[in-house]
file entry.cif (mmCIF, C-alpha atoms)
data_target
#
loop_
_atom_site.label_atom_id
_atom_site.label_comp_id
_atom_site.auth_asym_id
_atom_site.auth_seq_id
_atom_site.Cartn_x
_atom_site.Cartn_y
_atom_site.Cartn_z
CA MET R 1 102.38 37.78 93.51
CA VAL R 2 99.43 35.45 93.79
CA THR R 3 96.78 37.03 96.03
CA LYS R 4 94.85 35.68 98.98
CA ARG R 5 91.27 34.88 98.02
CA ILE R 6 87.91 35.83 99.50
CA ILE R 7 85.20 33.30 98.76
CA PRO R 8 81.49 33.57 99.54
CA CYS R 9 79.68 30.27 99.90
CA LEU R 10 76.07 29.81 98.80
CA ASP R 11 74.14 26.89 100.25
CA VAL R 12 71.34 26.15 97.82
CA ARG R 13 68.20 24.21 98.69
CA ASN R 14 65.33 23.85 96.23
CA GLY R 15 66.70 26.67 94.09
CA ARG R 16 67.07 29.18 96.93
CA VAL R 17 70.04 30.31 99.00
CA VAL R 18 69.72 29.27 102.60
CA LYS R 19 70.62 32.04 105.07
CA GLY R 20 70.31 34.57 102.26
CA THR R 21 68.65 37.60 103.74
CA ASN R 22 68.91 41.37 103.99
CA PHE R 23 69.78 42.18 100.41
CA GLU R 24 68.41 45.67 100.05
CA GLY R 25 66.66 46.67 96.88
CA ILE R 26 66.40 43.20 95.46
CA LYS R 27 63.01 41.66 95.17
CA ASP R 28 64.07 38.04 95.19
CA VAL R 29 66.38 38.20 98.17
CA ALA R 30 67.66 34.68 98.10
CA ASP R 31 67.96 34.11 94.37
CA PRO R 32 71.36 32.41 93.89
CA VAL R 33 71.92 33.90 90.42
CA GLU R 34 71.25 37.42 91.68
CA MET R 35 73.53 36.86 94.67
CA ALA R 36 76.28 35.52 92.40
CA ARG R 37 76.02 38.68 90.29
CA LEU R 38 76.31 40.90 93.38
CA TYR R 39 79.30 39.00 94.75
CA ASN R 40 81.03 39.08 91.38
CA ALA R 41 80.50 42.84 91.18
CA ALA R 42 81.81 43.23 94.76
CA GLY R 43 85.05 41.48 93.82
CA ALA R 44 84.60 37.90 95.08
CA ASP R 45 87.59 35.87 93.88
CA GLU R 46 85.65 32.67 93.49
CA LEU R 47 82.17 31.36 94.26
CA VAL R 48 81.27 28.15 96.05
CA PHE R 49 77.86 26.56 95.60
CA TYR R 50 76.75 23.77 97.90
CA ASP R 51 73.79 21.73 96.81
CA ILE R 52 71.98 20.82 100.01
CA THR R 53 68.91 19.48 98.25
CA ALA R 54 67.83 15.92 98.79
CA SER R 55 65.21 15.62 96.06
CA PHE R 56 65.71 14.82 92.39
CA GLU R 57 63.75 17.94 91.37
CA GLY R 58 65.90 20.10 93.61
CA ARG R 59 69.02 18.65 92.03
CA ALA R 60 67.82 19.50 88.53
CA LEU R 61 67.02 23.02 89.69
CA PHE R 62 70.55 23.30 91.10
CA THR R 63 72.21 22.38 87.81
CA ASP R 64 69.98 24.91 86.01
CA ILE R 65 71.14 27.62 88.40
CA LEU R 66 74.76 26.60 87.97
CA THR R 67 74.44 26.75 84.19
CA GLN R 68 72.92 30.20 84.39
CA VAL R 69 75.65 31.50 86.73
CA ALA R 70 78.44 30.00 84.61
CA SER R 71 76.96 31.59 81.49
CA GLU R 72 77.40 35.11 82.78
CA ILE R 73 79.97 35.12 85.57
CA PHE R 74 83.52 34.41 84.55
CA ILE R 75 85.36 33.68 87.78
CA PRO R 76 86.14 30.22 89.19
CA LEU R 77 83.14 28.26 90.41
CA THR R 78 83.38 25.41 92.90
CA VAL R 79 80.49 23.05 93.43
CA GLY R 80 79.89 20.65 96.29
CA GLY R 81 77.14 18.66 97.93
CA GLY R 82 76.03 15.19 96.94
CA ILE R 83 79.24 14.35 95.06
CA ASN R 84 79.62 10.59 95.41
CA THR R 85 80.70 9.32 92.00
CA LEU R 86 82.59 10.32 88.86
CA GLU R 87 79.19 10.78 87.21
CA ASP R 88 78.45 13.48 89.80
CA PHE R 89 81.71 15.22 88.84
CA ASP R 90 80.73 14.99 85.20
CA ARG R 91 77.23 16.37 85.83
CA VAL R 92 78.44 19.58 87.51
CA LEU R 93 81.50 20.12 85.31
CA LYS R 94 79.26 20.03 82.22
CA CYS R 95 77.17 22.81 83.76
CA GLY R 96 80.17 25.10 84.10
CA ALA R 97 81.82 24.20 87.43
CA ASP R 98 85.61 24.48 87.47
CA LYS R 99 86.28 22.62 90.69
CA VAL R 100 84.34 19.98 92.56
CA SER R 101 84.32 19.70 96.31
CA VAL R 102 84.01 16.25 97.90
CA ASN R 103 83.31 15.47 101.54
CA SER R 104 81.13 12.55 102.66
CA GLY R 105 81.46 10.94 99.23
CA ALA R 106 85.21 10.57 99.75
CA LEU R 107 84.79 9.30 103.33
CA LYS R 108 82.50 6.55 102.03
CA ASN R 109 84.74 5.81 99.07
CA PRO R 110 88.27 7.27 99.34
CA ASP R 111 89.10 5.96 95.83
CA LEU R 112 86.89 8.72 94.45
CA ILE R 113 89.73 11.21 95.05
CA PRO R 114 92.45 9.52 92.95
CA ALA R 115 89.89 8.46 90.31
CA ALA R 116 88.59 12.02 89.89
CA ALA R 117 92.11 13.49 89.93
CA GLN R 118 93.19 11.11 87.21
CA ARG R 119 90.24 11.99 85.01
CA TYR R 120 89.94 15.74 85.63
CA GLY R 121 93.29 16.74 87.15
CA ASP R 122 94.26 17.56 90.75
CA GLN R 123 93.28 21.20 90.28
CA CYS R 124 89.67 20.11 89.88
CA VAL R 125 89.40 18.12 93.12
CA VAL R 126 88.80 20.01 96.36
CA LEU R 127 88.71 18.04 99.60
CA SER R 128 86.20 19.54 101.97
CA ALA R 129 86.66 18.37 105.56
CA ASP R 130 84.44 19.08 108.58
CA VAL R 131 86.72 18.81 111.59
CA LYS R 132 86.08 18.91 115.34
CA ARG R 133 88.15 18.34 118.45
CA VAL R 134 87.35 15.08 120.26
CA ASN R 135 89.45 14.12 123.30
CA GLY R 136 92.28 16.40 122.21
CA GLN R 137 92.36 14.97 118.67
CA PHE R 138 91.20 16.58 115.42
CA ARG R 139 88.55 14.21 114.04
CA VAL R 140 86.81 14.19 110.66
CA PHE R 141 83.03 14.29 110.76
CA ALA R 142 80.65 13.09 108.07
CA LYS R 143 77.06 13.89 107.11
CA GLY R 144 77.33 17.66 107.42
CA GLY R 145 79.18 17.48 110.71
CA ARG R 146 76.73 15.18 112.48
CA GLU R 147 78.69 11.91 112.53
CA ASP R 148 82.12 11.28 114.05
CA THR R 149 84.03 9.00 111.67
CA GLY R 150 86.68 8.29 114.30
CA ARG R 151 89.32 9.19 111.74
CA ASP R 152 92.24 11.47 112.53
CA ALA R 153 91.66 14.61 110.49
CA LEU R 154 95.32 15.38 109.81
CA ASP R 155 96.00 11.86 108.53
CA TRP R 156 92.86 11.93 106.40
CA ILE R 157 93.62 15.32 104.84
CA ALA R 158 97.26 14.37 104.20
CA TRP R 159 96.18 11.11 102.54
CA CYS R 160 93.73 12.92 100.26
CA THR R 161 96.27 15.54 99.15
CA GLU R 162 98.81 12.80 98.44
CA HIS R 163 96.20 11.03 96.29
CA GLY R 164 94.98 13.86 94.12
CA ALA R 165 93.11 16.51 96.10
CA GLY R 166 94.50 19.78 94.75
CA GLU R 167 93.02 22.01 97.43
CA VAL R 168 91.65 21.63 100.94
CA CYS R 169 88.66 23.47 102.34
CA LEU R 170 88.92 23.10 106.12
CA ASN R 171 85.73 23.76 108.02
CA SER R 172 86.09 23.87 111.78
CA ILE R 173 82.89 22.66 113.43
CA ASP R 174 84.21 24.14 116.71
CA THR R 175 84.23 27.71 115.38
CA ASP R 176 81.51 27.45 112.72
CA GLY R 177 78.76 30.00 113.25
CA VAL R 178 80.44 31.48 116.35
CA ARG R 179 81.77 34.51 114.43
CA ASN R 180 84.67 34.95 116.79
CA GLY R 181 87.49 34.23 114.37
CA PHE R 182 88.80 31.33 112.30
CA ASP R 183 90.17 28.20 113.99
CA LEU R 184 93.81 29.17 113.66
CA GLU R 185 95.15 26.32 115.75
CA MET R 186 93.42 23.77 113.54
CA LEU R 187 94.43 25.59 110.35
CA ASP R 188 98.09 25.77 111.45
CA ALA R 189 98.08 22.04 112.16
CA VAL R 190 96.76 21.29 108.65
CA ALA R 191 99.10 23.80 106.98
CA ALA R 192 102.05 22.07 108.63
CA ARG R 193 101.01 18.74 107.06
CA VAL R 194 99.99 19.58 103.49
CA HIS R 195 101.46 21.62 100.63
CA VAL R 196 98.33 22.37 98.57
CA PRO R 197 96.27 25.56 98.90
CA ILE R 198 94.12 25.74 102.03
CA ILE R 199 90.75 27.48 102.21
CA ALA R 200 89.75 28.40 105.76
CA SER R 201 86.09 28.12 106.69
CA GLY R 202 84.14 28.60 109.89
CA GLY R 203 84.25 31.43 112.37
CA ALA R 204 84.63 34.64 110.37
CA GLY R 205 82.77 37.48 112.07
CA LYS R 206 84.64 40.65 111.18
CA LYS R 207 87.30 41.94 108.84
CA GLU R 208 90.04 41.68 111.48
CA ASP R 209 89.46 37.91 111.53
CA PHE R 210 90.56 37.72 107.90
CA LEU R 211 93.64 39.88 108.53
CA GLU R 212 94.70 37.60 111.38
CA LEU R 213 93.97 34.55 109.20
CA PHE R 214 96.22 35.74 106.38
CA HIS R 215 99.07 36.45 108.78
CA HIS R 216 99.22 32.68 109.29
CA LYS R 217 101.53 30.96 106.84
CA GLY R 218 100.07 28.54 104.37
CA ILE R 219 96.49 29.81 104.35
CA ASP R 220 95.40 30.87 100.88
CA ALA R 221 91.74 31.77 101.09
CA GLY R 222 88.98 32.65 103.51
CA LEU R 223 85.44 31.37 102.99
CA ALA R 224 82.29 32.63 104.65
CA ALA R 225 78.54 32.61 104.10
CA GLY R 226 76.20 34.27 106.60
CA ILE R 227 78.30 37.35 107.31
CA PHE R 228 78.34 38.18 103.59
CA HIS R 229 74.70 37.21 102.92
CA GLN R 230 73.47 39.25 105.87
CA LYS R 231 75.62 42.20 104.82
CA LEU R 232 77.49 42.28 108.12
CA LEU R 233 80.59 42.56 105.97
CA SER R 234 80.91 43.65 102.34
CA ILE R 235 83.47 41.86 100.20
CA SER R 236 84.66 45.09 98.57
CA ASP R 237 85.21 46.78 101.98
CA LEU R 238 86.92 43.66 103.32
CA LYS R 239 89.32 43.46 100.38
CA ALA R 240 90.13 47.17 100.55
CA TYR R 241 90.84 46.83 104.30
CA LEU R 242 93.12 43.81 103.78
CA ASN R 243 94.95 45.55 100.96
CA GLU R 244 95.56 48.64 103.12
CA ASN R 245 96.94 46.33 105.79
CA GLY R 246 99.54 44.74 103.55
CA ILE R 247 97.66 41.68 102.28
CA GLU R 248 97.72 41.65 98.48
CA MET R 249 94.20 41.40 97.08
CA ARG R 250 92.67 41.60 93.65
CA VAL R 251 90.96 44.97 93.90
CA MET M 1 83.76 33.18 63.43
CA ILE M 2 86.12 31.76 66.07
CA ALA M 3 86.90 28.05 65.91
CA ILE M 4 87.62 26.46 69.30
CA ILE M 5 89.65 23.39 68.45
CA ASP M 6 88.06 20.28 69.92
CA TYR M 7 90.42 17.41 70.63
CA GLY M 8 88.66 15.95 73.66
CA VAL M 9 90.62 17.86 76.29
CA GLY M 10 89.12 20.16 78.88
CA ASN M 11 85.90 21.82 79.80
CA LEU M 12 84.86 24.34 77.18
CA PHE M 13 81.69 25.63 78.84
CA SER M 14 83.19 28.88 80.18
CA LEU M 15 85.18 29.61 77.05
CA LYS M 16 82.08 29.25 74.85
CA SER M 17 80.00 31.29 77.31
CA SER M 18 82.53 34.11 77.59
CA LEU M 19 82.78 34.46 73.80
CA ALA M 20 78.98 34.41 73.53
CA HIS M 21 78.87 37.10 76.24
CA LEU M 22 81.12 39.23 74.00
CA GLY M 23 78.78 38.66 71.07
CA GLN M 24 81.33 36.52 69.24
CA GLU M 25 80.24 33.57 67.18
CA ALA M 26 82.27 30.57 68.33
CA VAL M 27 82.15 26.97 67.19
CA VAL M 28 83.70 24.00 68.97
CA THR M 29 85.03 21.88 66.16
CA ALA M 30 87.46 19.24 64.94
CA ASP M 31 86.45 19.75 61.30
CA PRO M 32 89.39 20.94 59.13
CA ALA M 33 86.98 22.78 56.79
CA VAL M 34 85.54 24.81 59.68
CA ILE M 35 89.02 25.55 61.02
CA ARG M 36 90.08 26.75 57.54
CA ALA M 37 86.97 28.93 57.22
CA ALA M 38 87.33 30.52 60.70
CA ASP M 39 88.69 34.05 61.24
CA ARG M 40 90.45 33.05 64.44
CA LEU M 41 91.43 29.91 66.30
CA ILE M 42 91.53 29.04 69.97
CA LEU M 43 93.48 26.05 71.27
CA PRO M 44 92.19 25.18 74.77
CA GLY M 45 93.52 22.51 77.11
CA VAL M 46 93.85 21.15 80.62
CA GLY M 47 95.62 18.05 81.88
CA ALA M 48 99.04 16.65 81.03
CA PHE M 49 101.11 17.79 78.04
CA GLY M 50 102.00 14.37 76.58
CA ASP M 51 98.46 13.09 76.74
CA ALA M 52 97.03 16.30 75.20
CA MET M 53 99.61 16.36 72.40
CA ALA M 54 98.86 12.70 71.60
CA LYS M 55 95.13 13.47 71.42
CA LEU M 56 95.70 16.52 69.24
CA THR M 57 97.94 14.51 66.91
CA ALA M 58 95.34 11.73 66.73
CA THR M 59 92.77 14.17 65.32
CA GLY M 60 95.03 14.74 62.31
CA LEU M 61 94.58 18.50 62.81
CA VAL M 62 98.23 19.39 63.50
CA PRO M 63 99.16 20.13 59.84
CA VAL M 64 95.93 22.16 59.44
CA ILE M 65 96.74 24.22 62.55
CA GLN M 66 100.35 24.72 61.40
CA GLU M 67 99.13 26.03 58.08
CA GLU M 68 96.20 28.17 59.30
CA ALA M 69 98.23 29.82 62.09
CA GLN M 70 100.33 31.51 59.42
CA LYS M 71 97.19 33.21 58.09
CA LYS M 72 95.05 34.12 61.12
CA PRO M 73 95.33 34.74 64.87
CA LEU M 74 95.52 31.71 67.13
CA LEU M 75 95.23 31.80 70.93
CA GLY M 76 96.42 28.92 73.09
CA ILE M 77 95.05 28.92 76.63
CA CYS M 78 96.73 27.28 79.66
CA LEU M 79 97.91 23.85 78.46
CA GLY M 80 96.91 25.08 74.98
CA MET M 81 99.61 27.76 75.35
CA GLN M 82 102.18 25.20 76.48
CA LEU M 83 101.46 23.08 73.40
CA LEU M 84 102.68 26.02 71.27
CA PHE M 85 106.23 25.52 72.60
CA GLU M 86 108.97 23.37 71.09
CA LYS M 87 108.94 20.86 73.91
CA SER M 88 107.81 20.03 77.42
CA TYR M 89 109.36 18.12 80.32
CA GLU M 90 106.08 17.09 81.93
CA TYR M 91 106.35 13.34 82.72
CA GLY M 92 109.19 12.75 80.24
CA GLU M 93 110.11 14.79 77.19
CA HIS M 94 107.49 15.60 74.58
CA ALA M 95 107.61 17.63 71.36
CA GLY M 96 105.07 20.44 71.01
CA LEU M 97 103.78 22.38 68.01
CA GLY M 98 106.96 24.50 67.89
CA PHE M 99 105.44 27.93 67.20
CA VAL M 100 107.16 29.43 70.25
CA LYS M 101 110.87 28.97 70.83
CA GLY M 102 111.39 27.63 74.33
CA GLU M 103 110.34 24.79 76.58
CA VAL M 104 107.80 23.95 79.24
CA CYS M 105 109.35 23.13 82.63
CA PRO M 106 108.12 22.39 86.15
CA LEU M 107 107.61 25.41 88.43
CA GLU M 108 108.73 23.72 91.64
CA PRO M 109 112.54 23.50 91.14
CA ASP M 110 112.68 27.11 89.90
CA LEU M 111 110.78 28.75 92.79
CA ALA M 112 112.99 31.13 94.76
CA ASP M 113 110.47 30.94 97.61
CA LYS M 114 110.02 27.25 98.40
CA THR M 115 107.05 27.94 100.69
CA LEU M 116 104.97 28.82 97.61
CA LYS M 117 102.62 26.09 96.52
CA VAL M 118 102.49 24.14 93.28
CA PRO M 119 100.17 24.25 91.40
CA GLN M 120 99.93 28.00 91.47
CA ILE M 121 96.19 28.49 91.95
CA GLY M 122 94.73 31.96 92.05
CA TRP M 123 94.81 35.55 90.91
CA ASN M 124 98.11 37.18 90.03
CA ALA M 125 98.99 40.59 88.59
CA LEU M 126 99.92 40.60 84.90
CA HIS M 127 102.96 42.74 84.14
CA ILE M 128 103.20 43.87 80.54
CA LEU M 129 106.76 43.74 79.14
CA LYS M 130 105.98 44.50 75.50
CA ASP M 131 102.92 46.40 74.41
CA ASP M 132 100.66 44.57 72.01
CA PRO M 133 97.20 44.95 70.46
CA LEU M 134 96.12 42.05 72.72
CA PHE M 135 96.49 44.45 75.69
CA ARG M 136 94.46 47.22 74.06
CA TYR M 137 91.73 47.05 76.71
CA ILE M 138 93.75 46.27 79.84
CA ARG M 139 96.13 48.23 82.02
CA GLU M 140 99.44 47.22 83.57
CA GLY M 141 98.98 45.13 86.71
CA GLU M 142 95.45 43.82 86.27
CA TYR M 143 94.76 40.42 87.87
CA VAL M 144 94.29 37.20 85.95
CA TYR M 145 93.50 33.65 87.12
CA TYR M 146 96.16 30.93 86.96
CA VAL M 147 96.05 27.19 87.60
CA HIS M 148 99.29 25.46 86.59
CA SER M 149 102.31 23.42 87.70
CA TYR M 150 104.48 23.95 84.60
CA TYR M 151 105.50 27.14 82.82
CA GLY M 152 107.10 28.41 79.62
CA LYS M 153 110.86 28.91 79.97
CA HIS M 154 113.71 30.19 77.77
CA CYS M 155 111.18 32.09 75.68
CA VAL M 156 112.34 35.70 76.23
CA GLU M 157 111.92 36.65 72.56
CA SER M 158 108.24 35.67 72.60
CA THR M 159 107.26 36.82 76.10
CA LEU M 160 104.81 39.74 76.19
CA ALA M 161 103.77 39.62 79.85
CA VAL M 162 104.72 37.88 83.11
CA SER M 163 103.41 37.36 86.65
CA ASP M 164 105.55 37.13 89.79
CA TYR M 165 105.60 33.81 91.62
CA SER M 166 109.06 34.31 93.14
CA LEU M 167 110.18 33.91 89.54
CA PRO M 168 108.80 35.64 86.46
CA VAL M 169 106.11 33.22 85.27
CA THR M 170 105.47 33.49 81.54
CA GLY M 171 101.94 34.87 81.29
CA VAL M 172 101.52 35.79 77.61
CA VAL M 173 103.59 34.77 74.57
CA ARG M 174 103.43 35.74 70.93
CA ALA M 175 105.15 34.45 67.81
CA GLY M 176 103.76 36.03 64.65
CA LYS M 177 100.00 35.55 64.67
CA VAL M 178 100.22 32.90 67.38
CA TYR M 179 99.41 33.97 70.95
CA GLY M 180 99.27 32.06 74.22
CA THR M 181 98.12 32.83 77.75
CA GLN M 182 99.16 30.66 80.70
CA PHE M 183 96.22 32.05 82.70
CA HIS M 184 92.55 31.46 81.88
CA PRO M 185 91.06 34.62 80.32
CA GLU M 186 87.64 32.94 80.42
CA LYS M 187 87.97 32.73 84.24
CA SER M 188 89.66 36.08 84.82
CA GLY M 189 86.52 38.15 85.28
CA ASP M 190 86.18 41.41 83.44
CA THR M 191 89.93 41.63 82.73
CA GLY M 192 89.82 38.28 80.95
CA LEU M 193 86.80 39.31 78.89
CA ARG M 194 88.67 42.42 77.74
CA ILE M 195 91.63 40.28 76.65
CA LEU M 196 89.29 37.99 74.68
CA LYS M 197 87.62 41.05 73.16
CA ALA M 198 91.00 42.34 72.00
CA PHE M 199 91.82 38.91 70.55
CA SER M 200 88.56 38.85 68.64
CA GLU M 201 89.49 42.20 67.06
CA LEU M 202 93.05 41.30 66.03
#
call {"tool": "encode", "arguments": {"input": "entry.cif", "output": "structure tokens"}}
result
Amino acid sequence: MVTKRIIPCLDVRNGRVVKGTNFEGIKDVADPVEMARLYNAAGADELVFYDITASFEGRALFTDILTQVASEIFIPLTVGGGINTLEDFDRVLKCGADKVSVNSGALKNPDLIPAAAQRYGDQCVVLSADVKRVNGQFRVFAKGGREDTGRDALDWIAWCTEHGAGEVCLNSIDTDGVRNGFDLEMLDAVAARVHVPIIASGGAGKKEDFLELFHHKGIDAGLAAGIFHQKLLSISDLKAYLNENGIEMRV
Amino acid sequence: MIAIIDYGVGNLFSLKSSLAHLGQEAVVTADPAVIRAADRLILPGVGAFGDAMAKLTATGLVPVIQEEAQKKPLLGICLGMQLLFEKSYEYGEHAGLGFVKGEVCPLEPDLADKTLKVPQIGWNALHILKDDPLFRYIREGEYVYYVHSYYGKHCVESTLAVSDYSLPVTGVVRAGKVYGTQFHPEKSGDTGLRILKAFSEL
């Protein structure tokens, strides 16, 4: 049966991984290519790269890194950050990305979702949503979680999946960085509304958090960054633990 | 030399890179002379069946592929595998290349477990039903990466391997020298590389 997936996320700025520390025995501790190699060897099921560079030079550096990773690592690669147009899709797909994650770009121009799905297929379009509770409602935030769009998150996510988003990466701003478990209430609410794969993001602190996550119906993958980068949790140990506890993993 | 048939469908970056990683010379081409000179052929593909078949037909390469596949190994990947079938029911009814007896049908109505999602996206264990030189370097139950909403059906004679998605999903088919994988070997990590290595030695 299809397995649950464990996905490390690498935020890249000016050619370096942000938050990338504590890699023993490696000179260039935050080199994204080196980190991708390590995660691949540890059994990561997929890699996500977010380009958080603002400059033109940084962007060129990012596509160079992506090309290098895609030339030697043969697992699915998802790329996000600064995806506003079909040309942006084209740019990263040509460098070896398999899926493209859109967030603010789709909030500014929702037509980007159906247009990209029509050109590249639903499987290529990942909706990334930053969601936070405001007055008892799940609201979508833009600009890296800084701006309340006023939109209802469940309606927004449902609309996107009905118009071509083949996967949803749900990042809970409320649990992000807290390391006290995923936002299961929010994830359940989204899983009840959509029928595409859901990637949970925000809040993972320990291996038990992933076990609890995968006991919730409709959640297909768990994504984390800092806890993997800082070696608080190794992907190979995590997958072995989940497998022993009845969650099928690629090990 | 391996000829990757270029008919304007799909992203060939990973496929080219994985073959290069294996030390295999691969050329992306729509030139009949190159296809005739190649030792092996790969038919890639993503997107919708009808559209892909129309594009392949428009290149004029179909008769060349039909002829060359009698002489040397051909591997269809993902939609490229589905094109090997007699027909598909994706958005209407479309004729395929007809190497593999059977048809391509939607997953959704055939799922025993309706909570499973379509497309199937992710890693699934490959169960080998008939041993084959293509599996020379892999073991029973290794994981491969799938992304698909349709699958090969009524193709028991040609099916070499399946994966469980509350129904046996056709994973690998073979008819003579023609092979197909529903999963992406070029995205299936080390397991996928070993399948491509075996293909390049057939």
call {"tool": "interface_residues", "arguments": {"input": "entry.cif", "of": "chain R", "to": "chain M", "cutoff": "6 Å", "atoms": "only C-alpha atoms", "output": "compact mmCIF listing (two decimals) with C-alpha atoms, in the coordinates of the input"}}
result
# COMPACT_ATOMS: atom_id res chain seq x y z
CA MET R 1 102.38 37.78 93.51
CA VAL R 2 99.43 35.45 93.79
CA THR R 3 96.78 37.03 96.03
CA SER R 71 76.96 31.59 81.49
CA PHE R 74 83.52 34.41 84.55
CA ILE R 75 85.36 33.68 87.78
CA PRO R 76 86.14 30.22 89.19
CA GLY R 96 80.17 25.10 84.10
CA GLY R 121 93.29 16.74 87.15
call {"tool": "resolve_selection", "arguments": {"input": "entry.cif", "expression": "the PyMOL selection byres ((chain M and resi 202) around 9)", "output": "count of residues only"}}
result
10
call {"tool": "atom_distance", "arguments": {"input": "entry.cif", "atom1": "atom CA of R:Ala36", "atom2": "atom CA of R:Asp51"}}
result
14.7 Å
call {"tool": "closest_residue", "arguments": {"input": "entry.cif", "among": "M:Tyr137, M:Phe85, M:Tyr150, M:Tyr91", "to": "M:Pro106", "atoms": "all atoms listed in the file"}}
result
M:Tyr150
call {"tool": "resolve_selection", "arguments": {"input": "entry.cif", "expression": "the PyMOL selection byres ((chain R and resi 124-135) around 6)", "output": "PyMOL selection string"}}
result
chain R and resi 99-103+121-123+136-141+145+165-174
call {"tool": "resolve_selection", "arguments": {"input": "entry.cif", "expression": "the PyMOL selection byres ((chain R and resi 216-223) around 10)", "output": "number ranges by chain"}}
result
R: 2-9, 45-48, 167-171, 182, 184-185, 187-188, 190-192, 194-204, 209-215, 224-225, 228; M: 115-117, 121-122
call {"tool": "decode", "arguments": {"input": "entry.cif", "residues": "stretch 132-143 of chain R", "atoms": "N, CA and C atoms", "output": "mmCIF file, in the first residue's frame"}}
result
data_model
loop_
_atom_site.group_PDB
_atom_site.id
_atom_site.type_symbol
_atom_site.label_atom_id
_atom_site.label_comp_id
_atom_site.auth_asym_id
_atom_site.auth_seq_id
_atom_site.Cartn_x
_atom_site.Cartn_y
_atom_site.Cartn_z
ATOM 1 N N LYS R 132 -4.051 30.407 10.114
ATOM 2 C CA LYS R 132 -4.040 30.807 11.539
ATOM 3 C C LYS R 132 -5.480 31.044 11.994
ATOM 4 N N ARG R 133 -5.720 30.771 13.246
ATOM 5 C CA ARG R 133 -7.050 31.017 13.815
ATOM 6 C C ARG R 133 -7.219 32.507 14.093
ATOM 7 N N VAL R 134 -8.337 33.082 13.615
ATOM 8 C CA VAL R 134 -8.665 34.467 13.922
ATOM 9 C C VAL R 134 -10.150 34.486 14.275
ATOM 10 N N ASN R 135 -10.478 34.883 15.483
ATOM 11 C CA ASN R 135 -11.873 34.918 15.953
ATOM 12 C C ASN R 135 -12.610 33.606 15.676
ATOM 13 N N GLY R 136 -11.951 32.509 15.990
ATOM 14 C CA GLY R 136 -12.600 31.201 15.846
ATOM 15 C C GLY R 136 -12.713 30.699 14.411
ATOM 16 N N GLN R 137 -12.092 31.416 13.463
ATOM 17 C CA GLN R 137 -12.146 30.998 12.056
ATOM 18 C C GLN R 137 -10.728 30.700 11.583
ATOM 19 N N PHE R 138 -10.609 29.686 10.691
ATOM 20 C CA PHE R 138 -9.302 29.443 10.071
ATOM 21 C C PHE R 138 -9.139 30.426 8.907
ATOM 22 N N ARG R 139 -8.121 31.282 9.006
ATOM 23 C CA ARG R 139 -7.899 32.299 7.962
ATOM 24 C C ARG R 139 -6.582 32.035 7.232
ATOM 25 N N VAL R 140 -6.584 32.327 5.934
ATOM 26 C CA VAL R 140 -5.357 32.221 5.138
ATOM 27 C C VAL R 140 -4.546 33.490 5.287
ATOM 28 N N PHE R 141 -3.253 33.315 5.500
ATOM 29 C CA PHE R 141 -2.341 34.455 5.595
ATOM 30 C C PHE R 141 -1.420 34.473 4.373
ATOM 31 N N ALA R 142 -1.021 35.683 4.004
ATOM 32 C CA ALA R 142 -0.116 35.861 2.865
ATOM 33 C C ALA R 142 1.233 36.383 3.365
ATOM 34 N N LYS R 143 2.153 36.542 2.428
ATOM 35 C CA LYS R 143 3.475 37.117 2.705
ATOM 36 C C LYS R 143 4.186 36.414 3.862
#
